[in-house]
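Student: Encoded as structure tokens, here's the structure I'll be asking about.
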Amino acid sequence: MSSVELQQRVLSGMRPTGKLHMGHYHGVLKNWVELQHDYECFFFVADWHALTTHYEAPYDIEQSVWDMVIDWLAAGINPGNATMFIQSHVPEHAELHLLLSMMTPLGWLERVPSYKDQQEKLKERDLATYGFLGYPLLQSADILVYRAGLVPVGADQVAHVELTREVARRFNHLYGKDPGFEEQAEAAIKKMGKKASKLYRTLQKRFQEQGDDEALETARALIRDQQNITISDRERLFGYIEGGGKVVLPEPQALLTKASKMPGLDGQKMSKSYGNTIALREEPDVVEQKIRTMQTDPQRVRLTDAGDPDKCPVWKLHEVYSDESTKEWVQTGCRSAGIGCLECKKPVIDVVLEEQRPIRERARQYEENPELVQSIIVEGRERARDAAKATLEEVRQVMGLSFGA
Ligand code: TRP
Ligand code: SF4
């Protein structure tokens, strides 16, 4: 596959933090489930990333990894559509991280906003470590080792994708030009024939001199249409439009995931640290219990007191889950004291249970059959490694490291 075709590859990862909740489902997993139908997807559990902050007590990571994989499968990530694997099963991530570390200026890492923020936030841990400073670069290696084009992430991770782009650019600049690159690119242009060559040069000029992105796109399409040039010539021509060398590591783009609007049981954002979650694989009677005991409008003490949905966390769940007529029923019923709070919660309970039914059914299958989960992860590792090995071979070659191999 050429680097431009690879732009359609999607990669994302999650730290193993234990069992996932409905906030993860609405915020991230539903999005992944959709992406797997449209793109070649790689989703991985970032267990090494967990070590960057939890190196002192790594013993829970393993359980969290398996819980997370089952949660993904339960949410509907389909191993037939997406490759799921565990980061530490693919040592190429570490090799690329090491190689990239040689050419990444220290200042780039010190300036990543999460570096200082997290050190502040996690004061009780000693995060003045090499691994913690380098973890955004590990993330860059995670992405670049698959030459992924699209990286679905939340807003807090966009700076990491930006760093990845800079690192890729620097890498290509340093190592993308084999000796004789320009001569070979010029020869490749001639091979396209008179008309196409002329068009290529015009578009190249328009892009390089005026930054015309349309010209870039058209030139790429032109290259893609060429039948009689080799794959390596094609790669050269892609890189040569931009004035650089070969694109060994294409720059990825962040696919910004909309912030999850999933409210927790107390009306704040659903989050493990607030203790206000409904787990993805919650037992139905626990779901019911949790919603039944939710706080409502504190002014509404008796059934005969009118309430205000704007002051009630249950209303926030209606906003996520209910259709217009149910919302209308809540608004009127609450403000006129025409309905009771338990009555009001009933449709929310029903819809959450209904939403979780297929999730629970899929989860059961995997919980009862750990070998099945194992085999999915082994297969994922194989597919991921094939892709990662291909990149590393090229990386070693352009860096002059393929001697003796
Ligand atoms: N750092 C990400 C987080 O904390 C997880 C992650 C690691 C990741 N490697 C990645 C996400 C590569 C996207 C791509 O959420
Ligand atoms: Fe909240 Fe519904 Fe009770 Fe109104 S009726 S306070 S919206 S639970």
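In the structure tokens, chains take letters A, B, ... by order of appearance, with residues numbered from 1 within each chain and ligands from 1 in the order shown.
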Near Lys190 in chain A, counting only C-alpha atoms, which residues have an atom at most 12 Å away, once you skip same-chain residues fewer than 4 positions from it, shown as a list in words?

Tutor: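 Once the adjacent positions are removed, what remains is Glu183, Gln184, Ala185, Glu186, Lys194, Lys195, Ala196, Ser197, Lys198, Leu199, Tyr200, Arg201, Gln226, Asn228, Ile229, Asp233 and Leu237 of chain A.
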
Student: Under the rule of at most 6 Å, produce a per-residue listing of chain A near ligand 1: chain, number, name, the closest pair of atoms, and the distance in Å, as CSV, using only C-alpha atoms and all ligand atoms.

Tutor:
```
residue,atom,partner,partner_atom_place_in_ligand_line,distance
A:Ser12,CA,ligand 1,13 (C),3.9
A:Gly13,CA,ligand 1,8 (C),4.0
A:Met14,CA,ligand 1,5 (C),4.4
A:Arg15,CA,ligand 1,5 (C),5.4
A:Ala46,CA,ligand 1,7 (C),5.4
A:Gln139,CA,ligand 1,9 (N),4.2
A:Asp142,CA,ligand 1,12 (C),5.3
A:Ile143,CA,ligand 1,12 (C),5.4
A:Val151,CA,ligand 1,13 (C),6.0
A:Val153,CA,ligand 1,13 (C),5.9
```

Student: Using only C-alpha atoms and all ligand atoms for the distances, tell me which of A:Asp266, A:Asp323, A:Glu367, A:Asp386 is nearest to ligand 2.

Tutor: A:Asp266

Student: Please find the residues contacting ligand 2 at a distance of at most 12 Å between atoms, with only C-alpha atoms and all ligand atoms counted, and report them as an MDAnalysis selection string.

Tutor: chainID A and resid 265:267 291:319 326:349

Student: Any idea what's packed within 6 Å of range 86-97 of chain A, counting only C-alpha atoms, ignoring anything in its chain fewer than 6 positions away? Could you give it as a compact mmCIF listing (two decimals) with C-alpha atoms, in the first residue's frame?

Tutor:
```
# COMPACT_ATOMS: atom_id res chain seq x y z
CA PHE A 44 -4.96 -1.30 20.99
CA VAL A 45 -4.67 -1.44 24.75
CA ALA A 46 -1.87 0.91 25.76
CA LEU A 138 5.73 6.61 22.58
CA ALA A 141 5.53 5.66 17.67
CA ASP A 142 2.18 3.91 18.28
CA ARG A 385 2.95 -7.09 13.84
```

Student: From the list A:Arg147, A:Lys30, A:Arg169, A:Lys177, which residue is nearest Thr104 in chain A when using only C-alpha atoms?

Tutor: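 Of the candidates, the smallest distance to Thr104 in chain A is held by A:Arg169.
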
Student: So which residues touch His173 in chain A within 9 Å, counting only C-alpha atoms, skipping near sequence neighbours fewer than 4 positions away, as a PyMOL selection string?

Tutor: chain A and resi 168-169+177+244-247

Student: Can I get the selected residues back with N, CA, C and O atoms, as a PDB file, in the first residue's frame?

Tutor:
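Contents of selection.pdb, freshly written:
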```pdb
ATOM      1  N   ALA A 168       7.129  13.184  12.481  1.00  0.00           N
ATOM      2  CA  ALA A 168       7.114  12.526  11.164  1.00  0.00           C
ATOM      3  C   ALA A 168       7.790  13.418  10.124  1.00  0.00           C
ATOM      4  O   ALA A 168       8.598  12.959   9.314  1.00  0.00           O
ATOM      5  N   ARG A 169       7.463  14.708  10.175  1.00  0.00           N
ATOM      6  CA  ARG A 169       8.030  15.643   9.215  1.00  0.00           C
ATOM      7  C   ARG A 169       9.556  15.663   9.340  1.00  0.00           C
ATOM      8  O   ARG A 169      10.289  15.630   8.371  1.00  0.00           O
ATOM      9  N   LYS A 177      15.357  11.119   1.992  1.00  0.00           N
ATOM     10  CA  LYS A 177      16.045  11.310   0.709  1.00  0.00           C
ATOM     11  C   LYS A 177      17.186  10.331   0.560  1.00  0.00           C
ATOM     12  O   LYS A 177      18.235  10.531   1.135  1.00  0.00           O
ATOM     13  N   GLY A 244       9.918  17.538  -0.534  1.00  0.00           N
ATOM     14  CA  GLY A 244      10.725  16.723   0.370  1.00  0.00           C
ATOM     15  C   GLY A 244      11.169  15.467  -0.339  1.00  0.00           C
ATOM     16  O   GLY A 244      11.145  15.383  -1.570  1.00  0.00           O
ATOM     17  N   GLY A 245      11.560  14.509   0.441  1.00  0.00           N
ATOM     18  CA  GLY A 245      11.951  13.236  -0.124  1.00  0.00           C
ATOM     19  C   GLY A 245      10.782  12.286  -0.094  1.00  0.00           C
ATOM     20  O   GLY A 245       9.628  12.698  -0.164  1.00  0.00           O
ATOM     21  N   LYS A 246      11.107  11.032   0.064  1.00  0.00           N
ATOM     22  CA  LYS A 246      10.100  10.002   0.159  1.00  0.00           C
ATOM     23  C   LYS A 246       9.356  10.195   1.481  1.00  0.00           C
ATOM     24  O   LYS A 246       9.960  10.539   2.491  1.00  0.00           O
ATOM     25  N   VAL A 247       8.045   9.962   1.483  1.00  0.00           N
ATOM     26  CA  VAL A 247       7.304  10.022   2.738  1.00  0.00           C
ATOM     27  C   VAL A 247       7.378   8.638   3.376  1.00  0.00           C
ATOM     28  O   VAL A 247       6.648   7.737   3.015  1.00  0.00           O
TER      29      VAL A 247
END
```

Student: CA of Lys290 in chain A to CA of Leu353 in chain A: how many Å, to one decimal?

Tutor: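 Separation of CA of Lys290 in chain A and CA of Leu353 in chain A: 12.0 Å.
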